[in-house]
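Trainee: Pasting a structure here, questions to come.
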Amino acid sequence: MASSGSPNPPNPDPSRRALLFGRRAAAAPMRPPWALPEDVFLDACTACGACVDRCPERVIVRGAGGRPVFDPRLGECTFCGECEDACTPRALDRSASEQPWTLKALIGDRCLPRNGVVCSSCRDACPERAIAFPVTSRVPLPSIDSARCTGCGACVGVCPTQAVALSPLATQKVPETA
Ligand code: SF4
Ligand code: SF4
Ligand code: SF4
């Protein structure tokens, strides 16, 4: 999926996401799917960039030390497995885990409906139908079914207010509006 056309440049820095969502930075960057646990990944990854070059969606960028980081603002991970196939050092290794990752989508307070404006772009982009808008108020608010969410990131780049982020936490609740 193409980028949202956001005026803001791509920024995979987790500290900025944390700032936007009013929480502390995640311990590790978002690695490509099937990455080994971060400490093992850092030992195994040679920063060769093969996964970056192979990704057909162009959603992997080089982060600190040249190592790969998944940036959902650039598009959606389709879980095609090309990055894992390309990883010769096996820092990405499907045999180590069936789950590609534990990322889940979170919607923050910049969400338009939370501010009285109708929007459902994230729902329309979600390939898993994980986002619903129960009609409980004049402007329905988004609700994410974390059991359905694969953390693909399709909802991130389409959000006009950059209200959606991914978090590696295994279970999520939509943050309360301040
Ligand atoms: S699984 Fe496919 S789309 Fe997802 S990051 Fe890897 S190469 Fe890109
Ligand atoms: S696309 Fe963004 S602003 Fe629109 S409903 Fe989803 S999270 Fe809210
Ligand atoms: S990250 Fe989750 S909620 Fe967002 S589009 Fe993908 S499956 Fe749907």
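Going through the structure tokens in order, the chains are called A, B, and so on, while each chain numbers its residues from 1 and the ligands are numbered from 1 in the order shown.
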Sorted by chain and rising residue number, list the residues of chain A at most 10 Å from ligand 2 (counting only C-alpha atoms and all ligand atoms), each with its closest atom pair and distance in Å to one decimal, as CSV.
Mentor:
residue,atom,partner,partner_atom_place_in_ligand_line,distance
A:Ala105,CA,ligand 2,7 (S),9.7
A:Leu106,CA,ligand 2,7 (S),8.4
A:Ile107,CA,ligand 2,7 (S),5.4
A:Gly108,CA,ligand 2,7 (S),7.2
A:Asp109,CA,ligand 2,8 (Fe),8.4
A:Arg110,CA,ligand 2,3 (S),6.7
A:Cys111,CA,ligand 2,8 (Fe),3.6
A:Leu112,CA,ligand 2,3 (S),4.1
A:Pro113,CA,ligand 2,8 (Fe),5.8
A:Arg114,CA,ligand 2,8 (Fe),7.2
A:Asn115,CA,ligand 2,3 (S),8.9
A:Val117,CA,ligand 2,3 (S),8.2
A:Val118,CA,ligand 2,5 (S),7.2
A:Cys119,CA,ligand 2,4 (Fe),4.3
A:Ser120,CA,ligand 2,5 (S),4.3
A:Ser121,CA,ligand 2,1 (S),4.1
A:Cys122,CA,ligand 2,1 (S),4.0
A:Arg123,CA,ligand 2,6 (Fe),6.5
A:Asp124,CA,ligand 2,1 (S),8.5
A:Ala125,CA,ligand 2,1 (S),8.7
A:Ile131,CA,ligand 2,6 (Fe),8.4
A:Ala132,CA,ligand 2,5 (S),9.5
A:Phe133,CA,ligand 2,5 (S),8.4
A:Val139,CA,ligand 2,5 (S),10.0
A:Pro140,CA,ligand 2,5 (S),8.7
A:Leu141,CA,ligand 2,5 (S),6.9
A:Pro142,CA,ligand 2,5 (S),5.7
A:Ser143,CA,ligand 2,5 (S),9.2
A:Ile144,CA,ligand 2,7 (S),9.9
A:Cys155,CA,ligand 2,1 (S),6.8
A:Val156,CA,ligand 2,2 (Fe),7.7
A:Gly157,CA,ligand 2,1 (S),8.7
A:Val158,CA,ligand 2,1 (S),6.2
A:Cys159,CA,ligand 2,1 (S),3.8
A:Pro160,CA,ligand 2,2 (Fe),5.8
A:Thr161,CA,ligand 2,3 (S),5.6
A:Gln162,CA,ligand 2,2 (Fe),6.4
A:Ala163,CA,ligand 2,7 (S),5.1
A:Val164,CA,ligand 2,7 (S),5.4
A:Ala165,CA,ligand 2,7 (S),9.1
Trainee: Sorted by chain and rising residue number, list the residues of chain A at most 6 Å from ligand 3 (counting only C-alpha atoms and all ligand atoms), each with its closest atom pair and distance in Å to one decimal, as CSV.
Mentor:
residue,atom,partner,partner_atom_place_in_ligand_line,distance
A:Lys104,CA,ligand 3,2 (Fe),5.9
A:Ala105,CA,ligand 3,1 (S),4.8
A:Ala125,CA,ligand 3,5 (S),5.8
A:Cys126,CA,ligand 3,5 (S),3.5
A:Pro127,CA,ligand 3,8 (Fe),5.9
A:Glu128,CA,ligand 3,7 (S),5.0
A:Ala130,CA,ligand 3,8 (Fe),4.9
A:Ile131,CA,ligand 3,3 (S),5.5
A:Cys149,CA,ligand 3,2 (Fe),3.6
A:Thr150,CA,ligand 3,7 (S),4.5
A:Gly151,CA,ligand 3,1 (S),3.7
A:Cys152,CA,ligand 3,6 (Fe),4.0
A:Gly153,CA,ligand 3,1 (S),4.1
A:Ala154,CA,ligand 3,5 (S),4.1
A:Cys155,CA,ligand 3,5 (S),4.2
Trainee: Could you save the residues just selected, with C-alpha atoms, as a PDB file, in the first residue's frame?
Mentor:
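This is the output file part_25.pdb:
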ATOM      1  CA  LYS A 104      -0.648  -4.389  17.525  1.00  0.00           C
ATOM      2  CA  ALA A 105      -2.231  -1.121  16.478  1.00  0.00           C
ATOM      3  CA  ALA A 125      -7.467   0.219   5.070  1.00  0.00           C
ATOM      4  CA  CYS A 126      -7.456  -2.724   7.444  1.00  0.00           C
ATOM      5  CA  PRO A 127      -7.175  -6.044   5.576  1.00  0.00           C
ATOM      6  CA  GLU A 128      -8.198  -7.985   8.676  1.00  0.00           C
ATOM      7  CA  ALA A 130      -9.928  -5.462  12.902  1.00  0.00           C
ATOM      8  CA  ILE A 131     -11.216  -1.906  13.288  1.00  0.00           C
ATOM      9  CA  CYS A 149      -4.947  -7.217  14.404  1.00  0.00           C
ATOM     10  CA  THR A 150      -1.775  -8.576  12.840  1.00  0.00           C
ATOM     11  CA  GLY A 151       0.214  -5.382  13.285  1.00  0.00           C
ATOM     12  CA  CYS A 152       0.554  -5.073   9.521  1.00  0.00           C
ATOM     13  CA  GLY A 153       0.544  -1.286   9.727  1.00  0.00           C
ATOM     14  CA  ALA A 154      -1.924  -0.645   6.903  1.00  0.00           C
ATOM     15  CA  CYS A 155      -3.869   1.684   9.172  1.00  0.00           C
TER      16      CYS A 155
END
Trainee: What are the closest atom pairs, with distances in Å to one decimal, for all residues of chain A lying within 12 Å of ligand 1? Consider only C-alpha atoms and all ligand atoms, order rows by chain and residue number, and present the result as CSV.
Mentor:
residue,atom,partner,partner_atom_place_in_ligand_line,distance
A:Met1,CA,ligand 1,3 (S),9.8
A:Met30,CA,ligand 1,5 (S),10.6
A:Arg31,CA,ligand 1,5 (S),8.7
A:Pro32,CA,ligand 1,5 (S),5.3
A:Pro33,CA,ligand 1,1 (S),6.0
A:Trp34,CA,ligand 1,1 (S),8.5
A:Ala35,CA,ligand 1,6 (Fe),10.1
A:Gly49,CA,ligand 1,7 (S),11.8
A:Ala50,CA,ligand 1,7 (S),9.9
A:Cys51,CA,ligand 1,7 (S),6.6
A:Val52,CA,ligand 1,7 (S),7.7
A:Asp53,CA,ligand 1,7 (S),8.7
A:Arg54,CA,ligand 1,7 (S),6.0
A:Cys55,CA,ligand 1,7 (S),3.5
A:Pro56,CA,ligand 1,8 (Fe),5.8
A:Glu57,CA,ligand 1,3 (S),5.1
A:Arg58,CA,ligand 1,8 (Fe),6.3
A:Val59,CA,ligand 1,8 (Fe),5.8
A:Ile60,CA,ligand 1,5 (S),5.9
A:Val61,CA,ligand 1,5 (S),9.7
A:Pro68,CA,ligand 1,5 (S),9.6
A:Val69,CA,ligand 1,5 (S),9.0
A:Phe70,CA,ligand 1,5 (S),6.6
A:Asp71,CA,ligand 1,5 (S),9.0
A:Pro72,CA,ligand 1,5 (S),9.4
A:Leu74,CA,ligand 1,8 (Fe),10.6
A:Gly75,CA,ligand 1,3 (S),8.7
A:Glu76,CA,ligand 1,3 (S),6.7
A:Cys77,CA,ligand 1,4 (Fe),3.7
A:Thr78,CA,ligand 1,3 (S),4.5
A:Phe79,CA,ligand 1,1 (S),3.5
A:Cys80,CA,ligand 1,2 (Fe),4.0
A:Gly81,CA,ligand 1,1 (S),4.1
A:Glu82,CA,ligand 1,7 (S),4.2
A:Cys83,CA,ligand 1,7 (S),4.1
A:Glu84,CA,ligand 1,6 (Fe),6.4
A:Asp85,CA,ligand 1,7 (S),8.5
A:Ala86,CA,ligand 1,7 (S),8.6
A:Cys87,CA,ligand 1,6 (Fe),10.2
A:Leu92,CA,ligand 1,6 (Fe),9.4
A:Asp93,CA,ligand 1,6 (Fe),11.3
A:Arg94,CA,ligand 1,1 (S),10.6
A:Gln99,CA,ligand 1,1 (S),11.7
A:Pro100,CA,ligand 1,1 (S),8.4
A:Trp101,CA,ligand 1,1 (S),10.7
A:Thr150,CA,ligand 1,4 (Fe),11.4
A:Gly151,CA,ligand 1,4 (Fe),10.6
A:Cys152,CA,ligand 1,4 (Fe),7.9
A:Gly153,CA,ligand 1,4 (Fe),9.9
A:Ala154,CA,ligand 1,3 (S),10.9
Trainee: Write the residues you've just listed into a file as an mmCIF file, in the first residue's frame, and include C-alpha atoms for each of them.
Mentor:
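Writing the result to selection.cif gives the following:
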data_model
loop_
_atom_site.group_PDB
_atom_site.id
_atom_site.type_symbol
_atom_site.label_atom_id
_atom_site.label_comp_id
_atom_site.auth_asym_id
_atom_site.auth_seq_id
_atom_site.Cartn_x
_atom_site.Cartn_y
_atom_site.Cartn_z
ATOM 1 C CA MET A 1 0.000 0.000 0.000
ATOM 2 C CA MET A 30 10.338 -2.332 15.337
ATOM 3 C CA ARG A 31 12.350 -4.908 13.442
ATOM 4 C CA PRO A 32 11.169 -6.719 10.313
ATOM 5 C CA PRO A 33 8.897 -9.717 10.827
ATOM 6 C CA TRP A 34 10.351 -12.897 12.282
ATOM 7 C CA ALA A 35 13.230 -11.001 13.884
ATOM 8 C CA GLY A 49 20.611 -4.576 4.056
ATOM 9 C CA ALA A 50 19.391 -7.594 2.091
ATOM 10 C CA CYS A 51 15.970 -7.423 3.736
ATOM 11 C CA VAL A 52 15.711 -3.712 2.990
ATOM 12 C CA ASP A 53 16.479 -4.294 -0.672
ATOM 13 C CA ARG A 54 14.163 -7.295 -1.029
ATOM 14 C CA CYS A 55 10.990 -5.888 0.551
ATOM 15 C CA PRO A 56 8.476 -5.298 -2.261
ATOM 16 C CA GLU A 57 6.470 -2.904 -0.104
ATOM 17 C CA ARG A 58 9.510 -0.791 0.762
ATOM 18 C CA VAL A 59 8.524 -0.682 4.418
ATOM 19 C CA ILE A 60 11.937 -1.554 5.846
ATOM 20 C CA VAL A 61 14.479 1.218 6.313
ATOM 21 C CA PRO A 68 16.637 -2.718 9.556
ATOM 22 C CA VAL A 69 13.584 -1.088 11.062
ATOM 23 C CA PHE A 70 9.973 -1.584 9.969
ATOM 24 C CA ASP A 71 8.325 1.788 9.315
ATOM 25 C CA PRO A 72 4.559 1.362 8.918
ATOM 26 C CA LEU A 74 5.620 3.814 4.521
ATOM 27 C CA GLY A 75 2.993 1.137 3.987
ATOM 28 C CA GLU A 76 1.763 -2.262 4.944
ATOM 29 C CA CYS A 77 3.667 -5.446 5.671
ATOM 30 C CA THR A 78 1.978 -8.213 3.704
ATOM 31 C CA PHE A 79 3.960 -10.921 5.500
ATOM 32 C CA CYS A 80 5.223 -12.117 2.140
ATOM 33 C CA GLY A 81 8.378 -13.474 3.798
ATOM 34 C CA GLU A 82 10.796 -12.011 1.260
ATOM 35 C CA CYS A 83 12.825 -10.259 3.959
ATOM 36 C CA GLU A 84 13.175 -13.438 5.960
ATOM 37 C CA ASP A 85 14.214 -15.373 2.877
ATOM 38 C CA ALA A 86 16.849 -12.769 2.090
ATOM 39 C CA CYS A 87 18.403 -12.793 5.564
ATOM 40 C CA LEU A 92 15.141 -12.990 10.671
ATOM 41 C CA ASP A 93 14.173 -16.603 11.112
ATOM 42 C CA ARG A 94 10.732 -18.080 10.610
ATOM 43 C CA GLN A 99 4.383 -15.428 14.851
ATOM 44 C CA PRO A 100 6.040 -12.749 12.739
ATOM 45 C CA TRP A 101 5.851 -10.337 15.663
ATOM 46 C CA THR A 150 -1.775 -8.576 12.840
ATOM 47 C CA GLY A 151 0.214 -5.382 13.285
ATOM 48 C CA CYS A 152 0.554 -5.073 9.521
ATOM 49 C CA GLY A 153 0.544 -1.286 9.727
ATOM 50 C CA ALA A 154 -1.924 -0.645 6.903
#
Trainee: Mind giving me the straight-line distance from atom CA of Ala28 of chain A to atom CA of Arg129 of chain A in Å, one decimal?
Mentor: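 Result for atom CA of Ala28 of chain A versus atom CA of Arg129 of chain A: 27.8 Å, one decimal.
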Trainee: Within 12 Å of Ala44 of chain A, counting only C-alpha atoms, which residues show up once you throw out same-chain ones fewer than 4 positions away? Write them as an MDAnalysis selection string, please.
Mentor: chainID A and resid 35:40 48 67 87:93
Trainee: Quick one: write out the picked residues with N, CA and C atoms as a JSON list (two decimals), in the first residue's frame?
Mentor:
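Output saved as again_0.json:
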[["chain", "number", "residue", "atom", "x", "y", "z"],
["A", 35, "ALA", "N", 11.94, -11.34, 13.29],
["A", 35, "ALA", "CA", 13.23, -11.00, 13.88],
["A", 35, "ALA", "C", 13.41, -11.78, 15.18],
["A", 36, "LEU", "N", 14.63, -12.18, 15.43],
["A", 36, "LEU", "CA", 14.96, -12.83, 16.70],
["A", 36, "LEU", "C", 14.80, -11.81, 17.82],
["A", 37, "PRO", "N", 14.71, -12.27, 19.07],
["A", 37, "PRO", "CA", 14.67, -11.32, 20.19],
["A", 37, "PRO", "C", 15.81, -10.30, 20.07],
["A", 38, "GLU", "N", 15.53, -9.06, 20.48],
["A", 38, "GLU", "CA", 16.41, -7.94, 20.13],
["A", 38, "GLU", "C", 17.88, -8.19, 20.45],
["A", 39, "ASP", "N", 18.21, -8.73, 21.61],
["A", 39, "ASP", "CA", 19.62, -8.91, 21.93],
["A", 39, "ASP", "C", 20.27, -9.94, 21.01],
["A", 40, "VAL", "N", 19.54, -10.98, 20.66],
["A", 40, "VAL", "CA", 20.06, -11.99, 19.75],
["A", 40, "VAL", "C", 20.11, -11.43, 18.33],
["A", 48, "CYS", "N", 23.58, -6.03, 6.60],
["A", 48, "CYS", "CA", 23.86, -6.21, 5.17],
["A", 48, "CYS", "C", 22.84, -5.49, 4.30],
["A", 67, "ARG", "N", 21.02, -1.18, 10.74],
["A", 67, "ARG", "CA", 20.16, -2.35, 10.91],
["A", 67, "ARG", "C", 18.71, -2.00, 10.54],
["A", 87, "CYS", "N", 17.49, -12.99, 4.43],
["A", 87, "CYS", "CA", 18.40, -12.79, 5.56],
["A", 87, "CYS", "C", 19.35, -13.99, 5.72],
["A", 88, "THR", "N", 20.52, -13.88, 5.15],
["A", 88, "THR", "CA", 21.50, -14.96, 5.22],
["A", 88, "THR", "C", 22.00, -15.23, 6.64],
["A", 89, "PRO", "N", 22.26, -14.21, 7.45],
["A", 89, "PRO", "CA", 22.72, -14.48, 8.82],
["A", 89, "PRO", "C", 21.63, -15.04, 9.73],
["A", 90, "ARG", "N", 20.43, -15.11, 9.23],
["A", 90, "ARG", "CA", 19.27, -15.66, 9.97],
["A", 90, "ARG", "C", 18.91, -14.82, 11.21],
["A", 91, "ALA", "N", 19.13, -13.51, 11.11],
["A", 91, "ALA", "CA", 18.62, -12.63, 12.16],
["A", 91, "ALA", "C", 17.10, -12.54, 12.08],
["A", 92, "LEU", "N", 16.58, -12.78, 10.88],
["A", 92, "LEU", "CA", 15.14, -12.99, 10.67],
["A", 92, "LEU", "C", 14.99, -14.48, 10.39],
["A", 93, "ASP", "N", 14.18, -15.14, 11.20],
["A", 93, "ASP", "CA", 14.17, -16.60, 11.11],
["A", 93, "ASP", "C", 12.78, -17.15, 11.45]]
Trainee: Enter the distance from atom CA of Cys45 of chain A to atom CA of Ser167 of chain A, in Å, rounded to one decimal.
Mentor: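 Between atom CA of Cys45 of chain A and atom CA of Ser167 of chain A the gap works out to 22.0 Å.
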Trainee: With DSSP run on the backbone, what are the strand (DSSP E or B) residues within segment 4-178 of chain A? I'd like them as a ChimeraX atom specification.
Mentor: /A:35,60-62,68-70,92,104-107,131-132,143-144,164-167
Trainee: Run DSSP on the backbone and tell me which residues of segment 18-128 of chain A come out as helix (DSSP H, G or I); list them as number ranges by chain.
Mentor: A: 18-20, 38-44, 50-54, 64-66, 72-74, 82-86, 94-96, 113-115, 121-125
